[in-house]
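Below: the structure, in structure tokens.
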Amino acid sequence: MANIKVAETAGFCFGVKIAVDSAIEAGKKYGKAYTNGPIIHNKQVVQFLESLNVRELGSYDELKAGDTILIRSHGVPPSTERKLQELGVNVIDATCPFVKKVHEKVRQLVEEGYYVVIIGEEGHPEVIGILGHLEEVGGKGIVVENMEDLIRKFPKRNKVGVVAQTTQNEEFFEEAVGYIASNVEELKVFNTICDATSVRQEEVKKLAKEVDVMIIIGGKHSGNTRRLAQISKALNPNTYHVEKADELQPEWFENAENIGVSAGASTPDWIIKEVVEKIQEITK
């Protein structure tokens with residue numbers, strides 16, 4: 001049997017655990033609850049919550065006064081919060097504390113007169129929420145996903161402030177800040193990548209170099225999981241991104257003595273356990 005090393009921080013981060021626990025509690029307490037989109041980017045967890053009658057809302061028009069809705073860990077724009085208040089629904093705010101910190105920093109930058117560069121994925125729910133807070137206080141800014149994006153969009157401004165989506169790639173963040181620093185007179189940077197993301201990425205960098213095969217577990221729509229897979233693949237070509245155990249292919253593990261496993265912040269322990277058990281079975 002191959003030697004399997006599981007990254008210490010693989011799986012649920014602090015913010016995701018709060019959101020999932022809140023959703024489970026809401027389902028038990030109210031008998032029915034909604035979430036404003038998938039509670040996290042993991043289909044298996046979303047399906048489990050549906051069994052508790054906690055389901056994704058199709059449209060805010062579906063809500064009636066007295067219904068319960070849970071704001072997921074990604075957060076929402078202030079305009080959405082106001083809309084929910086007007087509808088008279090019971091709101092459970094499960095926004096990750098690290099995401100709330102980004103909202104605060106964006107507001108601070110605008111108040112201090114900075115043009116804001118958000119390093120993150122355009123259209124990602126967390127970034128939509130950050131942009132909402134930027135616009136709420138009359139701020140101006142852009143979202144950049146990669147260096148090409150940054151160079152193409154970068155405005156001629158004297159004062160620029162920078163924040164990041166909490167699950168961003170540390171290396172890209174550092175490269176982007178370096179480019180901005182050399183092109184502005186005044187720069188203020190808040191590294192809002194959360195600790196769990198940074199530690200998880202560093203662990204993957206170390207582990208990917210030590211093993212023959214690397215397995216990254218998590219939703220295909222999960223930004224932080226995709227970034228772990230990209231980081232790992234750059235260091236170890238034998239890297240595979242799976243959502244669950246039945247996606248594992250025996251040929252991946254031929255002649256592999258050491259196998260590394262990590263998982264995104266929205267991957268529950270039970271899926272990691274199933275994947276590890278399946279690898280053990282394949283490599284007997």
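Each chain of the structure tokens is named A, B, ... in the order shown, its residues numbered from 1; ligands are numbered from 1 in display order.
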For Ile40 in chain A, please output as a tab-separated table (two decimals) with N, CA and C atoms, in the first residue's frame all residues within 8 Å (counting only C-alpha atoms; exclusion window: fewer than 2 positions along the same chain).
chain	number	residue	atom	x	y	z
A	16	VAL	N	-16.18	28.71	6.70
A	16	VAL	CA	-17.08	27.72	6.10
A	16	VAL	C	-17.77	26.93	7.21
A	20	VAL	N	-21.81	26.50	7.52
A	20	VAL	CA	-22.47	25.18	7.45
A	20	VAL	C	-23.18	24.86	8.77
A	38	PRO	N	-25.52	28.67	-3.38
A	38	PRO	CA	-24.98	27.50	-2.66
A	38	PRO	C	-24.26	27.97	-1.40
A	42	ASN	N	-19.63	23.29	-2.73
A	42	ASN	CA	-19.47	21.85	-2.60
A	42	ASN	C	-20.84	21.20	-2.75
A	45	VAL	N	-22.23	18.85	0.14
A	45	VAL	CA	-22.72	19.55	1.33
A	45	VAL	C	-24.08	20.20	1.04
A	46	VAL	N	-24.21	20.79	-0.15
A	46	VAL	CA	-25.48	21.41	-0.55
A	46	VAL	C	-26.60	20.36	-0.55
A	72	ARG	N	-24.71	33.49	3.04
A	72	ARG	CA	-23.58	32.55	3.06
A	72	ARG	C	-22.26	33.24	3.36
A	73	SER	N	-21.22	32.44	3.50
A	73	SER	CA	-19.91	32.94	3.95
A	73	SER	C	-19.31	34.01	3.04
A	266	SER	N	-13.91	24.30	1.42
A	266	SER	CA	-15.32	23.92	1.49
A	266	SER	C	-15.52	22.40	1.36
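Residues in contact with Val137 in chain A at 8 Å, where only C-alpha atoms are counted and same-chain residues fewer than 6 positions away are skipped, are listed as Arg107, Val110 and Glu111 of chain A.
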Writing out the chosen residues with C-alpha atoms as a compact mmCIF listing (two decimals), in the first residue's frame:
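Listing of result-v6.txt after writing:
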# COMPACT_ATOMS: atom_id res chain seq x y z
CA ARG A 107 -14.61 51.48 2.98
CA VAL A 110 -12.45 55.06 -0.14
CA GLU A 111 -12.74 57.40 2.86
Query raised in the report: Which distance in Å separates CA of Ile279 in chain A and CA of Lys233 in chain A, to one decimal?
Result: 19.0 Å
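You will find CA of Glu50 in chain A at 9.5 Å from CA of Ala33 in chain A.
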Query raised in the report: Can you list, as a ChimeraX atom specification, every residue of range 5-169 of chain A that DSSP puts in alpha helix (DSSP H)?
Result: /A:14-30,43-50,78-87,97-111,125-136,147-153
**Report entry** Residue neighbourhood Cys96 in chain A, 10 Å, only C-alpha atoms, exclusion window fewer than 3 positions, as an MDAnalysis selection string
**Finding:** chainID A and resid 13:19 71:75 93 99:101 126 166
Query raised in the report: If you count only C-alpha atoms, which residues fall within 10 Å of Lys153 in chain A, apart from same-chain ones fewer than 6 positions away, as a list in words?
Result: Val117, Ile142, Val143, Val144 and Met147 of chain A
Those same residues, written as a PDB file, in the first residue's frame with C-alpha atoms?
ATOM      1  CA  VAL A 117      -7.865  47.525  -6.902  1.00  0.00           C
ATOM      2  CA  ILE A 142     -11.461  47.568 -10.611  1.00  0.00           C
ATOM      3  CA  VAL A 143     -11.287  43.800 -10.189  1.00  0.00           C
ATOM      4  CA  VAL A 144      -8.235  42.014 -11.610  1.00  0.00           C
ATOM      5  CA  MET A 147      -1.324  40.056 -14.428  1.00  0.00           C
TER       6      MET A 147
END
Requested in this report: Mind checking which residues fall within 10 Å of Tyr114 in chain A, counting only C-alpha atoms, ignoring those fewer than 2 positions away in the same chain, and posting them as a list of chain:residue names?
Outcome: A:Val106, A:Arg107, A:Gln108, A:Leu109, A:Val110, A:Glu111, A:Glu112, A:Val116, A:Val117, A:Gly139, A:Lys140, A:Gly141, A:Arg157, A:Asn158, A:Lys159, A:Val160, A:Gly161, A:Val162, A:Glu186, A:Leu187, A:Lys188
Could you turn the residues from that selection into a file that holds N, CA, C and O atoms, as a PDB file, in the first residue's frame?
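Listing of selection.pdb after writing:
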ATOM      1  N   VAL A 106     -12.097  48.162   2.418  1.00  0.00           N
ATOM      2  CA  VAL A 106     -12.509  48.867   1.195  1.00  0.00           C
ATOM      3  C   VAL A 106     -13.113  50.223   1.548  1.00  0.00           C
ATOM      4  O   VAL A 106     -12.791  51.254   0.940  1.00  0.00           O
ATOM      5  N   ARG A 107     -13.989  50.225   2.535  1.00  0.00           N
ATOM      6  CA  ARG A 107     -14.614  51.484   2.975  1.00  0.00           C
ATOM      7  C   ARG A 107     -13.548  52.460   3.485  1.00  0.00           C
ATOM      8  O   ARG A 107     -13.611  53.658   3.204  1.00  0.00           O
ATOM      9  N   GLN A 108     -12.581  51.943   4.225  1.00  0.00           N
ATOM     10  CA  GLN A 108     -11.514  52.796   4.754  1.00  0.00           C
ATOM     11  C   GLN A 108     -10.712  53.429   3.611  1.00  0.00           C
ATOM     12  O   GLN A 108     -10.409  54.632   3.638  1.00  0.00           O
ATOM     13  N   LEU A 109     -10.381  52.628   2.606  1.00  0.00           N
ATOM     14  CA  LEU A 109      -9.597  53.141   1.473  1.00  0.00           C
ATOM     15  C   LEU A 109     -10.342  54.251   0.740  1.00  0.00           C
ATOM     16  O   LEU A 109      -9.760  55.269   0.365  1.00  0.00           O
ATOM     17  N   VAL A 110     -11.655  54.048   0.550  1.00  0.00           N
ATOM     18  CA  VAL A 110     -12.453  55.063  -0.144  1.00  0.00           C
ATOM     19  C   VAL A 110     -12.485  56.350   0.672  1.00  0.00           C
ATOM     20  O   VAL A 110     -12.299  57.452   0.137  1.00  0.00           O
ATOM     21  N   GLU A 111     -12.705  56.224   1.982  1.00  0.00           N
ATOM     22  CA  GLU A 111     -12.738  57.402   2.858  1.00  0.00           C
ATOM     23  C   GLU A 111     -11.421  58.175   2.824  1.00  0.00           C
ATOM     24  O   GLU A 111     -11.391  59.394   2.966  1.00  0.00           O
ATOM     25  N   GLU A 112     -10.319  57.460   2.607  1.00  0.00           N
ATOM     26  CA  GLU A 112      -8.999  58.095   2.588  1.00  0.00           C
ATOM     27  C   GLU A 112      -8.589  58.548   1.186  1.00  0.00           C
ATOM     28  O   GLU A 112      -7.463  58.993   0.971  1.00  0.00           O
ATOM     29  N   VAL A 116      -9.506  51.900  -5.698  1.00  0.00           N
ATOM     30  CA  VAL A 116      -9.343  50.549  -5.142  1.00  0.00           C
ATOM     31  C   VAL A 116      -9.147  49.482  -6.226  1.00  0.00           C
ATOM     32  O   VAL A 116      -9.937  49.373  -7.155  1.00  0.00           O
ATOM     33  N   VAL A 117      -8.091  48.707  -6.060  1.00  0.00           N
ATOM     34  CA  VAL A 117      -7.865  47.525  -6.902  1.00  0.00           C
ATOM     35  C   VAL A 117      -8.192  46.296  -6.065  1.00  0.00           C
ATOM     36  O   VAL A 117      -7.590  46.084  -5.006  1.00  0.00           O
ATOM     37  N   GLY A 139     -17.133  54.734  -3.904  1.00  0.00           N
ATOM     38  CA  GLY A 139     -15.762  54.470  -4.341  1.00  0.00           C
ATOM     39  C   GLY A 139     -15.663  54.057  -5.796  1.00  0.00           C
ATOM     40  O   GLY A 139     -16.648  53.660  -6.417  1.00  0.00           O
ATOM     41  N   LYS A 140     -14.460  54.159  -6.324  1.00  0.00           N
ATOM     42  CA  LYS A 140     -14.162  53.720  -7.689  1.00  0.00           C
ATOM     43  C   LYS A 140     -13.081  52.649  -7.620  1.00  0.00           C
ATOM     44  O   LYS A 140     -12.161  52.744  -6.792  1.00  0.00           O
ATOM     45  N   GLY A 141     -13.170  51.675  -8.519  1.00  0.00           N
ATOM     46  CA  GLY A 141     -12.145  50.641  -8.503  1.00  0.00           C
ATOM     47  C   GLY A 141     -12.323  49.627  -9.607  1.00  0.00           C
ATOM     48  O   GLY A 141     -13.249  49.716 -10.415  1.00  0.00           O
ATOM     49  N   ARG A 157      -3.630  56.613 -11.885  1.00  0.00           N
ATOM     50  CA  ARG A 157      -4.061  57.220 -10.625  1.00  0.00           C
ATOM     51  C   ARG A 157      -2.852  57.439  -9.726  1.00  0.00           C
ATOM     52  O   ARG A 157      -1.914  56.633  -9.738  1.00  0.00           O
ATOM     53  N   ASN A 158      -2.894  58.506  -8.935  1.00  0.00           N
ATOM     54  CA  ASN A 158      -1.784  58.774  -8.023  1.00  0.00           C
ATOM     55  C   ASN A 158      -1.891  57.984  -6.725  1.00  0.00           C
ATOM     56  O   ASN A 158      -0.891  57.586  -6.143  1.00  0.00           O
ATOM     57  N   LYS A 159      -3.146  57.784  -6.262  1.00  0.00           N
ATOM     58  CA  LYS A 159      -3.366  57.080  -4.990  1.00  0.00           C
ATOM     59  C   LYS A 159      -4.149  55.802  -5.250  1.00  0.00           C
ATOM     60  O   LYS A 159      -5.300  55.847  -5.681  1.00  0.00           O
ATOM     61  N   VAL A 160      -3.530  54.665  -4.982  1.00  0.00           N
ATOM     62  CA  VAL A 160      -4.188  53.379  -5.209  1.00  0.00           C
ATOM     63  C   VAL A 160      -4.141  52.546  -3.940  1.00  0.00           C
ATOM     64  O   VAL A 160      -3.104  52.453  -3.267  1.00  0.00           O
ATOM     65  N   GLY A 161      -5.286  51.948  -3.611  1.00  0.00           N
ATOM     66  CA  GLY A 161      -5.381  51.032  -2.477  1.00  0.00           C
ATOM     67  C   GLY A 161      -5.670  49.635  -2.993  1.00  0.00           C
ATOM     68  O   GLY A 161      -6.347  49.465  -4.012  1.00  0.00           O
ATOM     69  N   VAL A 162      -5.163  48.625  -2.308  1.00  0.00           N
ATOM     70  CA  VAL A 162      -5.323  47.233  -2.759  1.00  0.00           C
ATOM     71  C   VAL A 162      -5.904  46.362  -1.654  1.00  0.00           C
ATOM     72  O   VAL A 162      -5.476  46.444  -0.494  1.00  0.00           O
ATOM     73  N   GLU A 186       1.448  56.854  -4.640  1.00  0.00           N
ATOM     74  CA  GLU A 186       1.090  56.471  -3.263  1.00  0.00           C
ATOM     75  C   GLU A 186       0.273  55.190  -3.296  1.00  0.00           C
ATOM     76  O   GLU A 186      -0.694  55.073  -4.045  1.00  0.00           O
ATOM     77  N   LEU A 187       0.689  54.235  -2.478  1.00  0.00           N
ATOM     78  CA  LEU A 187       0.033  52.917  -2.463  1.00  0.00           C
ATOM     79  C   LEU A 187      -0.250  52.489  -1.029  1.00  0.00           C
ATOM     80  O   LEU A 187       0.613  52.612  -0.154  1.00  0.00           O
ATOM     81  N   LYS A 188      -1.460  51.998  -0.813  1.00  0.00           N
ATOM     82  CA  LYS A 188      -1.805  51.436   0.498  1.00  0.00           C
ATOM     83  C   LYS A 188      -2.342  50.023   0.263  1.00  0.00           C
ATOM     84  O   LYS A 188      -3.259  49.833  -0.535  1.00  0.00           O
TER      85      LYS A 188
END
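Across A:Met214, A:Val199, A:Asn255, A:Trp270, the tightest approach to Glu8 in chain A is made by A:Val199 when counting only C-alpha atoms.
In this comparison, which uses only C-alpha atoms, the residue of A:Asn183, A:Thr95, A:Asn53, A:Thr225 approaching Thr267 in chain A most closely is A:Thr225.
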Query - Residues near Thr35 in chain A, cut-off 6 Å, only C-alpha atoms, skip fewer than 6 positions along chain, as an MDAnalysis selection string - result: chainID A and resid 56:57 69:70
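With distances restricted to only C-alpha atoms, A:Gly218 is the closest residue to Ala263 in chain A from A:Gly31, A:Gly138, A:Gly88, A:Gly218.
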Report task. For Leu63 in chain A, please output as a count of residues only all residues within 8 Å (counting only C-alpha atoms; exclusion window: fewer than 4 positions along the same chain). Result -> 4
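Nearest to Ser198 in chain A of all the residues A:Pro78, A:Gly178, A:Gly132, A:Gly264 is A:Gly264, counting only C-alpha atoms.
Counting only C-alpha atoms and comparing A:Ile130, A:Val102, A:Ile193, A:Ile216, the residue that lies closest to Gln230 in chain A is A:Ile216.
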